[in-house]
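run.cif, holding mmCIF, C-alpha atoms:
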data_my_file
#
loop_
_atom_site.label_atom_id
_atom_site.label_comp_id
_atom_site.auth_asym_id
_atom_site.auth_seq_id
_atom_site.Cartn_x
_atom_site.Cartn_y
_atom_site.Cartn_z
CA MET A 187 20.45 10.25 -12.92
CA VAL A 188 16.95 10.58 -11.47
CA ILE A 189 15.10 13.63 -10.20
CA PHE A 190 11.90 13.33 -8.16
CA ARG A 191 9.67 16.32 -7.57
CA GLU A 192 8.95 14.77 -4.14
CA PHE A 193 12.61 15.41 -3.26
CA PRO A 194 13.33 19.02 -4.27
CA ASN A 195 17.04 18.73 -3.48
CA SER A 196 17.40 15.98 -6.10
CA ALA A 197 17.03 18.71 -8.77
CA SER A 198 20.54 19.95 -7.93
CA ASP A 199 21.89 16.64 -6.60
CA PRO A 200 20.18 13.82 -8.56
CA PHE A 201 19.77 10.24 -7.40
CA ILE A 202 21.54 7.40 -9.22
CA GLU A 203 19.17 4.58 -10.18
CA THR A 204 20.52 1.18 -9.09
CA SER A 205 17.63 -1.26 -9.61
CA GLU A 206 14.41 -1.98 -11.47
CA VAL A 207 11.04 -1.13 -9.92
CA THR A 208 9.91 -3.89 -7.55
CA PRO A 209 7.06 -4.19 -5.02
CA ILE A 210 8.74 -7.14 -3.24
CA TYR A 211 10.65 -5.24 -0.52
CA ASN A 212 10.68 -1.75 0.95
CA CYS A 213 13.32 0.60 2.29
CA ILE A 214 13.08 -0.74 5.83
CA ALA A 215 13.89 -4.26 4.63
CA TRP A 216 16.57 -2.96 2.22
CA ALA A 217 18.40 -1.12 5.00
CA ALA A 218 18.11 -4.26 7.14
CA GLY A 219 19.75 -6.29 4.36
CA ASN A 220 16.65 -8.22 3.22
CA THR A 221 15.40 -8.08 -0.37
CA SER A 222 12.80 -10.85 -0.07
CA LYS A 223 10.32 -9.28 2.37
CA TRP A 224 8.33 -6.11 3.01
CA TYR A 225 8.94 -4.87 6.57
CA GLU A 226 6.06 -2.91 8.11
CA PRO A 227 4.34 -2.95 11.52
CA ASP A 228 0.80 -2.98 10.08
CA PRO A 229 -2.01 -3.90 12.46
CA LEU A 230 -3.27 -6.83 10.36
CA GLY A 231 0.05 -8.68 10.40
CA ILE A 232 0.25 -8.81 6.62
CA TYR A 233 3.84 -7.58 6.48
CA TYR A 234 6.92 -8.79 8.32
CA TRP A 235 7.79 -7.28 11.67
CA PRO A 236 9.84 -9.06 14.36
CA SER A 237 7.61 -10.26 17.19
CA ALA A 238 10.08 -8.93 19.77
CA ILE A 239 9.40 -5.33 18.70
CA PRO A 240 6.23 -3.26 19.24
CA ARG A 241 4.09 -3.43 16.10
CA GLU A 242 3.61 0.31 15.79
CA TYR A 243 4.53 3.22 13.51
CA THR A 244 6.93 4.93 15.93
CA VAL A 245 10.55 6.00 15.58
CA SER A 246 11.30 3.99 18.72
CA ALA A 247 9.98 0.76 17.14
CA TYR A 248 11.94 1.34 13.92
CA VAL A 249 15.15 2.04 15.87
CA GLN A 250 14.56 -1.15 17.87
CA LEU A 251 14.32 -3.09 14.60
CA TYR A 252 17.87 -2.12 13.66
CA GLU A 253 19.12 -2.56 17.24
CA LEU A 254 17.83 -6.14 16.99
CA LEU A 255 20.21 -6.52 14.03
CA GLY A 256 23.18 -5.34 16.07
CA TYR A 257 23.12 -1.62 15.32
CA GLN A 258 23.58 0.97 18.03
CA LYS A 259 22.53 4.60 18.03
CA CYS A 260 25.21 7.07 16.95
CA SER A 261 25.35 10.80 16.51
CA ASN A 262 26.08 11.32 12.83
CA GLY A 263 26.20 9.90 9.33
CA ASN A 264 29.88 10.52 8.73
CA LEU A 265 31.73 7.71 6.97
CA GLU A 266 33.55 5.45 9.42
CA PRO A 267 35.38 2.69 7.50
CA ASN A 268 34.88 0.05 10.21
CA PHE A 269 31.15 0.61 10.63
CA ASP A 270 27.95 0.05 8.64
CA LYS A 271 25.47 2.85 9.16
CA VAL A 272 21.71 3.20 8.84
CA ALA A 273 19.67 6.42 8.88
CA VAL A 274 16.03 6.42 10.03
CA PHE A 275 13.83 9.20 8.63
CA ALA A 276 10.58 10.60 10.01
CA LYS A 277 8.03 13.25 9.16
CA LYS A 278 5.78 14.66 11.89
CA SER A 279 7.15 11.94 14.21
CA ILE A 280 5.97 9.13 11.88
CA PRO A 281 8.82 6.96 10.56
CA THR A 282 8.87 7.18 6.79
CA HIS A 283 12.13 5.75 5.52
CA ALA A 284 15.48 4.14 6.19
CA ALA A 285 18.70 4.28 4.17
CA LYS A 286 22.00 2.44 4.51
CA GLN A 287 25.42 3.92 3.95
CA LEU A 288 27.67 2.71 1.14
CA SER A 289 31.42 2.27 1.45
CA ASN A 290 31.99 5.47 -0.57
CA GLY A 291 29.99 7.55 1.92
CA LEU A 292 26.89 7.85 -0.26
CA TRP A 293 23.60 6.30 0.87
CA SER A 294 21.45 3.60 -0.69
CA SER A 295 17.64 3.71 -0.53
CA LYS A 296 14.69 1.70 -1.79
CA LEU A 297 11.98 4.23 -2.66
CA GLY A 298 8.69 2.65 -1.58
CA LYS A 299 7.42 0.25 -4.29
CA ASN A 300 9.69 1.98 -6.78
CA ILE A 301 13.43 1.78 -7.52
CA ASP A 302 16.66 1.56 -5.50
CA VAL A 303 18.87 4.65 -5.65
CA SER A 304 22.22 5.92 -4.42
CA HIS A 305 22.24 9.47 -3.16
CA SER A 306 23.70 12.00 -0.76
CA LEU A 307 21.83 12.77 2.44
CA PHE A 308 21.27 16.28 1.13
CA ALA A 309 19.47 14.95 -1.95
CA ILE A 310 16.80 13.12 0.03
CA GLU A 311 16.37 15.43 3.03
CA ASN A 312 13.59 18.02 3.32
CA GLY A 313 11.41 16.03 0.94
CA HIS A 314 8.80 13.29 0.94
CA TYR A 315 10.42 11.45 3.85
CA GLY A 316 11.21 14.44 6.05
CA ASN A 317 14.61 14.26 7.71
CA VAL A 318 16.93 11.88 9.54
CA VAL A 319 15.86 11.45 13.15
CA GLN A 320 18.34 8.74 14.14
CA PHE A 321 21.63 7.37 12.86
CA LEU A 322 22.75 3.89 13.90
CA ARG A 323 26.00 2.03 13.33
CA ARG A 324 27.23 -1.56 13.51
CA LYS A 325 30.83 -2.77 13.44
CA LYS A 326 31.62 -4.49 10.15
CA ASN A 327 32.35 -8.20 10.22
CA MET B 139 -62.28 4.64 -3.28
CA ASN B 140 -58.52 4.27 -3.24
CA THR B 141 -56.90 3.08 -0.08
CA VAL B 142 -54.44 5.70 1.09
CA PHE B 143 -51.62 4.98 3.49
CA GLU B 144 -48.56 6.74 4.79
CA GLN B 145 -45.07 5.77 3.66
CA GLY B 146 -42.37 7.90 5.13
CA SER B 147 -43.35 11.51 4.72
CA SER B 148 -45.38 10.95 1.53
CA THR B 149 -48.86 9.68 0.86
CA VAL B 150 -49.08 6.84 -1.66
CA THR B 151 -52.11 5.00 -3.01
CA LYS B 152 -52.17 1.22 -2.98
CA GLU B 153 -52.34 1.21 -6.78
CA ALA B 154 -49.37 3.55 -7.10
CA LYS B 155 -47.33 1.33 -4.80
CA TYR B 156 -48.23 -1.71 -6.92
CA VAL B 157 -47.24 0.03 -10.16
CA ARG B 158 -43.95 1.13 -8.66
CA GLN B 159 -43.13 -2.40 -7.43
CA VAL B 160 -43.91 -3.91 -10.83
CA GLY B 161 -41.79 -1.24 -12.49
CA GLU B 162 -38.82 -1.86 -10.19
CA VAL B 163 -38.95 -5.61 -10.75
CA SER B 164 -39.15 -5.13 -14.52
CA TYR B 165 -36.25 -2.67 -14.44
CA GLN B 166 -34.07 -5.05 -12.42
CA ASP B 167 -34.94 -7.92 -14.77
CA PHE B 168 -34.07 -5.74 -17.74
CA ILE B 169 -30.73 -4.67 -16.29
CA SER B 170 -29.65 -8.12 -15.19
CA ASN B 171 -30.75 -9.81 -18.43
CA SER B 172 -29.34 -7.24 -20.81
CA VAL B 173 -26.00 -8.34 -22.23
CA TYR B 174 -25.44 -4.85 -23.64
CA LEU B 175 -26.05 -3.08 -20.33
CA ARG B 176 -24.01 -5.63 -18.41
CA ASN B 177 -21.06 -5.12 -20.78
CA GLU B 178 -21.41 -1.35 -20.52
CA PHE B 179 -21.48 -1.58 -16.73
CA GLU B 180 -18.42 -3.83 -16.63
CA LYS B 181 -16.52 -1.55 -19.02
CA SER B 182 -17.36 1.53 -16.94
CA LEU B 183 -16.33 -0.28 -13.77
CA LYS B 184 -13.01 -1.37 -15.31
CA ASP B 185 -12.27 2.15 -16.58
CA TYR B 186 -13.06 3.64 -13.17
CA PHE B 187 -10.91 1.01 -11.45
CA GLU B 188 -7.93 1.62 -13.75
CA ILE B 189 -8.08 5.41 -13.35
CA SER B 190 -8.40 5.20 -9.55
CA LYS B 191 -5.73 2.50 -9.29
CA ASN B 192 -3.20 4.41 -11.38
CA LEU B 193 -3.78 7.58 -9.36
CA TRP B 194 -3.32 5.69 -6.09
CA LEU B 195 -0.17 3.94 -7.31
CA GLU B 196 1.38 7.09 -8.74
CA GLU B 197 0.76 9.21 -5.66
CA THR B 198 1.93 6.53 -3.19
CA LYS B 199 4.78 5.00 -5.18
CA LEU B 200 7.40 6.31 -2.77
CA SER B 201 5.64 5.30 0.44
CA SER B 202 7.23 2.51 2.45
CA ASN B 203 4.18 2.30 4.75
CA VAL B 204 1.38 0.72 2.71
CA PHE B 205 -1.01 1.04 5.66
CA MET B 206 -0.54 4.81 5.55
CA THR B 207 -1.84 4.87 1.95
CA LEU B 208 -5.13 3.21 2.95
CA ASN B 209 -6.90 6.56 3.21
CA HIS B 210 -5.77 7.88 -0.16
CA PRO B 211 -8.99 9.17 -1.84
CA ALA B 212 -8.59 6.99 -4.96
CA HIS B 213 -8.02 3.90 -2.80
CA LEU B 214 -11.07 4.72 -0.68
CA ASN B 215 -13.15 5.19 -3.85
CA ILE B 216 -12.27 1.66 -4.91
CA ILE B 217 -13.15 0.28 -1.48
CA LYS B 218 -16.51 2.08 -1.58
CA LEU B 219 -17.49 0.06 -4.67
CA GLY B 220 -17.71 -3.00 -2.43
CA LYS B 221 -17.70 -6.63 -3.52
CA VAL B 222 -18.51 -5.84 -7.16
CA ILE B 223 -14.91 -4.69 -7.62
CA LEU B 224 -13.30 -7.82 -6.16
CA PRO B 225 -12.78 -9.72 -9.48
CA LEU B 226 -10.83 -6.74 -10.88
CA ILE B 227 -8.73 -6.44 -7.72
CA PHE B 228 -7.90 -10.15 -7.75
CA LYS B 229 -6.92 -9.97 -11.43
CA ASP B 230 -4.67 -6.96 -10.76
CA LEU B 231 -3.21 -8.73 -7.74
CA SER B 232 -2.35 -11.74 -9.89
CA ASP B 233 -1.08 -9.75 -12.89
CA HIS B 234 0.77 -6.85 -11.26
CA LYS B 235 1.38 -7.77 -7.59
CA ASN B 236 0.02 -4.50 -6.31
CA HIS B 237 -0.53 -4.21 -2.57
CA TRP B 238 -4.34 -4.55 -2.38
CA PHE B 239 -4.41 -6.33 0.97
CA PHE B 240 -5.97 -3.58 3.08
CA ALA B 241 -8.59 -2.90 0.41
CA LEU B 242 -9.42 -6.60 0.26
CA SER B 243 -9.70 -6.81 4.05
CA SER B 244 -11.83 -3.64 4.17
CA ILE B 245 -14.26 -4.95 1.54
CA THR B 246 -14.49 -8.58 2.66
CA GLY B 247 -13.87 -8.29 6.40
CA GLN B 248 -11.38 -11.16 6.00
CA ASN B 249 -7.63 -11.59 6.36
CA PRO B 250 -6.57 -15.01 5.04
CA VAL B 251 -2.83 -14.19 5.19
CA LYS B 252 -1.06 -16.90 7.18
CA PRO B 253 1.43 -15.74 9.85
CA SER B 254 4.14 -17.66 7.99
CA SER B 255 3.42 -15.59 4.87
CA ALA B 256 3.89 -12.21 6.57
CA GLY B 257 6.10 -9.91 4.51
CA ASN B 258 6.54 -12.38 1.62
CA LEU B 259 4.61 -10.76 -1.23
CA ASP B 260 4.23 -13.91 -3.35
CA LYS B 261 2.90 -15.89 -0.38
CA ILE B 262 0.55 -13.08 0.71
CA ILE B 263 -0.85 -12.93 -2.83
CA GLN B 264 -1.17 -16.71 -2.95
CA ASP B 265 -3.14 -16.72 0.34
CA TRP B 266 -5.53 -14.08 -1.00
CA LEU B 267 -5.92 -15.72 -4.42
CA GLU B 268 -6.79 -19.04 -2.77
CA TRP B 269 -9.43 -17.28 -0.68
CA GLY B 270 -10.73 -15.50 -3.78
CA LYS B 271 -11.01 -18.79 -5.62
CA GLN B 272 -12.88 -20.41 -2.74
CA GLU B 273 -15.33 -17.51 -2.73
CA ASN B 274 -15.69 -17.56 -6.56
CA TYR B 275 -14.20 -14.10 -7.11
CA THR B 276 -11.42 -15.45 -9.32
CA ASP B 277 -10.70 -18.51 -11.51
#
Could you write out this file's structure as structure tokens?
Amino acid sequence: MVIFREFPNSASDPFIETSEVTPIYNCIAWAAGNTSKWYEPDPLGIYYWPSAIPREYTVSAYVQLYELLGYQKCSNGNLEPNFDKVAVFAKKSIPTHAAKQLSNGLWSSKLGKNIDVSHSLFAIENGHYGNVVQFLRRKKN
Amino acid sequence: MNTVFEQGSSTVTKEAKYVRQVGEVSYQDFISNSVYLRNEFEKSLKDYFEISKNLWLEETKLSSNVFMTLNHPAHLNIIKLGKVILPLIFKDLSDHKNHWFFALSSITGQNPVKPSSAGNLDKIIQDWLEWGKQENYTD
């Protein structure tokens, strides 16, 4: 069980640590299913970002990233057995994070350059990453 | 009679200017030739780097946008040190794989990361270490 002061709700609903610390990939890549790259639309082109998507720190660009992977916008993060879901977070309109839903309804996140965790949406909301601004879903294969 | 001339807002004699120049040259020679002072300087620089680095890493450990951490005060303090800090950054890059790429670009004005390396941390580090070796900042 892990509690971060940056996520006040984790005090009452702790995260579950699921990996070692690694700087190799970030949450955006993790939610996209890639653990070998760091996804970020930085202006220098140091990090990976699909060329088909605007290289900018906007919610629209981040949503387009997951749409490119076959996800479509949906209205909630409720568990739907036939769908994979992703939640995009933002704070002051700047995208900060993405999480992917697990088959048990919990969510899985890579926390920056730190660890992977499983958690409820409540545990991570109203903290360092702000709140969910868009849910997306994709039919399972 | 001493020759007097203006320098900036102050009045300096020719002799005083000469003494000051000789003093500055001697001081620079002393600093650069002193093993003790050079070691002290390098130790202070390393301590400052480690403190600033650890603060930056701790306070940005949860951020998924590295570019957004560029303006963290501790990161900016490292950048302000300029090229003198590059050997320590390259060593940290090699040893700990920290994301120094925006600091390196800010200090050097370069970005040797190949498009095919984008996002792949090991390849990004390799591109930078090769550049650092070419420029004699690392072994």
Task: Spatial neighbours of Ala273 (chain A), 6 Å, all atoms listed in the file, chain gap at least 6 places, as a list in words - done: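 Contacts, in chain order: Ala284, Ala285, Gln320 and Phe321 of chain A.
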TODO: Write out as a ChimeraX atom specification each polymer residue whose atoms come within 12 Å of Leu251 (chain A), counting only C-alpha atoms; drop sequence neighbours fewer than 4 positions from it.
DONE: /A:214-215,217-218,225-227,234-247,255-259,272,274,284,322
Kindly export the residues of the current selection with C-alpha atoms, as a short mmCIF file (atom, residue, chain, number, x, y, z; two decimals), in the frame of the given file.
data_model
loop_
_atom_site.label_atom_id
_atom_site.label_comp_id
_atom_site.auth_asym_id
_atom_site.auth_seq_id
_atom_site.Cartn_x
_atom_site.Cartn_y
_atom_site.Cartn_z
CA ILE A 214 13.08 -0.74 5.83
CA ALA A 215 13.89 -4.26 4.63
CA ALA A 217 18.40 -1.12 5.00
CA ALA A 218 18.11 -4.26 7.14
CA TYR A 225 8.94 -4.87 6.57
CA GLU A 226 6.06 -2.91 8.11
CA PRO A 227 4.34 -2.95 11.52
CA TYR A 234 6.92 -8.79 8.32
CA TRP A 235 7.79 -7.28 11.67
CA PRO A 236 9.84 -9.06 14.36
CA SER A 237 7.61 -10.26 17.19
CA ALA A 238 10.08 -8.93 19.77
CA ILE A 239 9.40 -5.33 18.70
CA PRO A 240 6.23 -3.26 19.24
CA ARG A 241 4.09 -3.43 16.10
CA GLU A 242 3.61 0.31 15.79
CA TYR A 243 4.53 3.22 13.51
CA THR A 244 6.93 4.93 15.93
CA VAL A 245 10.55 6.00 15.58
CA SER A 246 11.30 3.99 18.72
CA ALA A 247 9.98 0.76 17.14
CA LEU A 255 20.21 -6.52 14.03
CA GLY A 256 23.18 -5.34 16.07
CA TYR A 257 23.12 -1.62 15.32
CA GLN A 258 23.58 0.97 18.03
CA LYS A 259 22.53 4.60 18.03
CA VAL A 272 21.71 3.20 8.84
CA VAL A 274 16.03 6.42 10.03
CA ALA A 284 15.48 4.14 6.19
CA LEU A 322 22.75 3.89 13.90
#
TODO: Please report as a list in words which residues of chain B come no farther than 6 Å from chain A, using all atoms listed in the file.
DONE: Lys199, Leu200, Ser201, Ser202, Ala256, Gly257, Asn258 and Leu259 of chain B
Write the residues you've just listed into a file as a PDB file, in the frame of the given file, and include C-alpha atoms for each of them.
ATOM      1  CA  LYS B 199       4.780   5.000  -5.180  1.00  0.00           C
ATOM      2  CA  LEU B 200       7.400   6.310  -2.770  1.00  0.00           C
ATOM      3  CA  SER B 201       5.640   5.300   0.440  1.00  0.00           C
ATOM      4  CA  SER B 202       7.230   2.510   2.450  1.00  0.00           C
ATOM      5  CA  ALA B 256       3.890 -12.210   6.570  1.00  0.00           C
ATOM      6  CA  GLY B 257       6.100  -9.910   4.510  1.00  0.00           C
ATOM      7  CA  ASN B 258       6.540 -12.380   1.620  1.00  0.00           C
ATOM      8  CA  LEU B 259       4.610 -10.760  -1.230  1.00  0.00           C
TER       9      LEU B 259
END
TODO: Run the PyMOL selection byres ((chain A and resi 287) around 8) against the file shown and list the residues it catches, as a VMD selection string.
DONE: chain A and resid 265 270 to 273 285 to 286 288 to 289 291 to 294
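Nearest residue to Ala276 (chain A) among A:Gly263, A:Pro200, A:Gly316, A:Pro194 is A:Gly316, counting all atoms listed in the file.
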Task: Within-8 Å shell of (-0.9, -13.6, -8.3) in input frame, all atoms listed in the file, as a list in words - done: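 These residues have at least one counted atom within 8 Å: Phe228, Lys229, Leu231, Ser232, Asp233, His234, Lys235, Asp260, Ile263, Gln264 and Leu267 of chain B.
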Task: Contact residues around Asn195 (chain A) with all atoms listed in the file at 10 Å, ignoring same-chain residues under 5 positions, as a list in words - done: Ile189, Phe190, Pro200, Phe201, Ser306, Leu307, Phe308, Ala309, Ile310, Glu311, Asn312 and Gly313 of chain A
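Pairwise distance (CA of Arg191 (chain A), CA of Val303 (chain A)) equals 15.0 Å.
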Open item on the list: Residues proximal to (-17.4, -7.5, -4.4) were defined as those with any atom within 12 Å of that point in the file's coordinates, counting all atoms listed in the file. Which are they, as a list of chain:residue names?
Closed with: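 With a cut-off of 12 Å, the residues come to B:Leu183, B:Ile216, B:Ile217, B:Lys218, B:Leu219, B:Gly220, B:Lys221, B:Val222, B:Ile223, B:Leu224, B:Pro225, B:Leu226, B:Ile227, B:Phe228, B:Ala241, B:Leu242, B:Ser243, B:Ser244, B:Ile245, B:Thr246, B:Gly247, B:Gly270, B:Glu273, B:Asn274, B:Tyr275, B:Thr276.
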TODO: Could you check how far CA of Glu197 (chain B) sits from CA of His210 (chain B), in Å to one decimal?
DONE: 8.6 Å
Open item on the list: Please list as a list in words every residue within 10 Å of His213 (chain B), counting all atoms listed in the file and excluding residues in the same chain fewer than 2 positions away.
Closed with: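 The residues that qualify are Phe187, Ser190, Lys191, Asn192, Leu193, Trp194, Leu195, Thr207, Leu208, Asn209, His210, Pro211, Asn215, Ile216, Ile217, Lys218, Trp238, Phe240 and Ala241 of chain B.
For Phe269 (chain A), the set of protein, DNA and RNA residues having any atom at most 8 Å away, when counting all atoms listed in the file and skipping those fewer than 5 positions along the same chain, is A:Arg323, A:Arg324, A:Lys325, A:Lys326.
CA of Gln166 (chain B) sits 21.4 Å away from CA of Lys152 (chain B).
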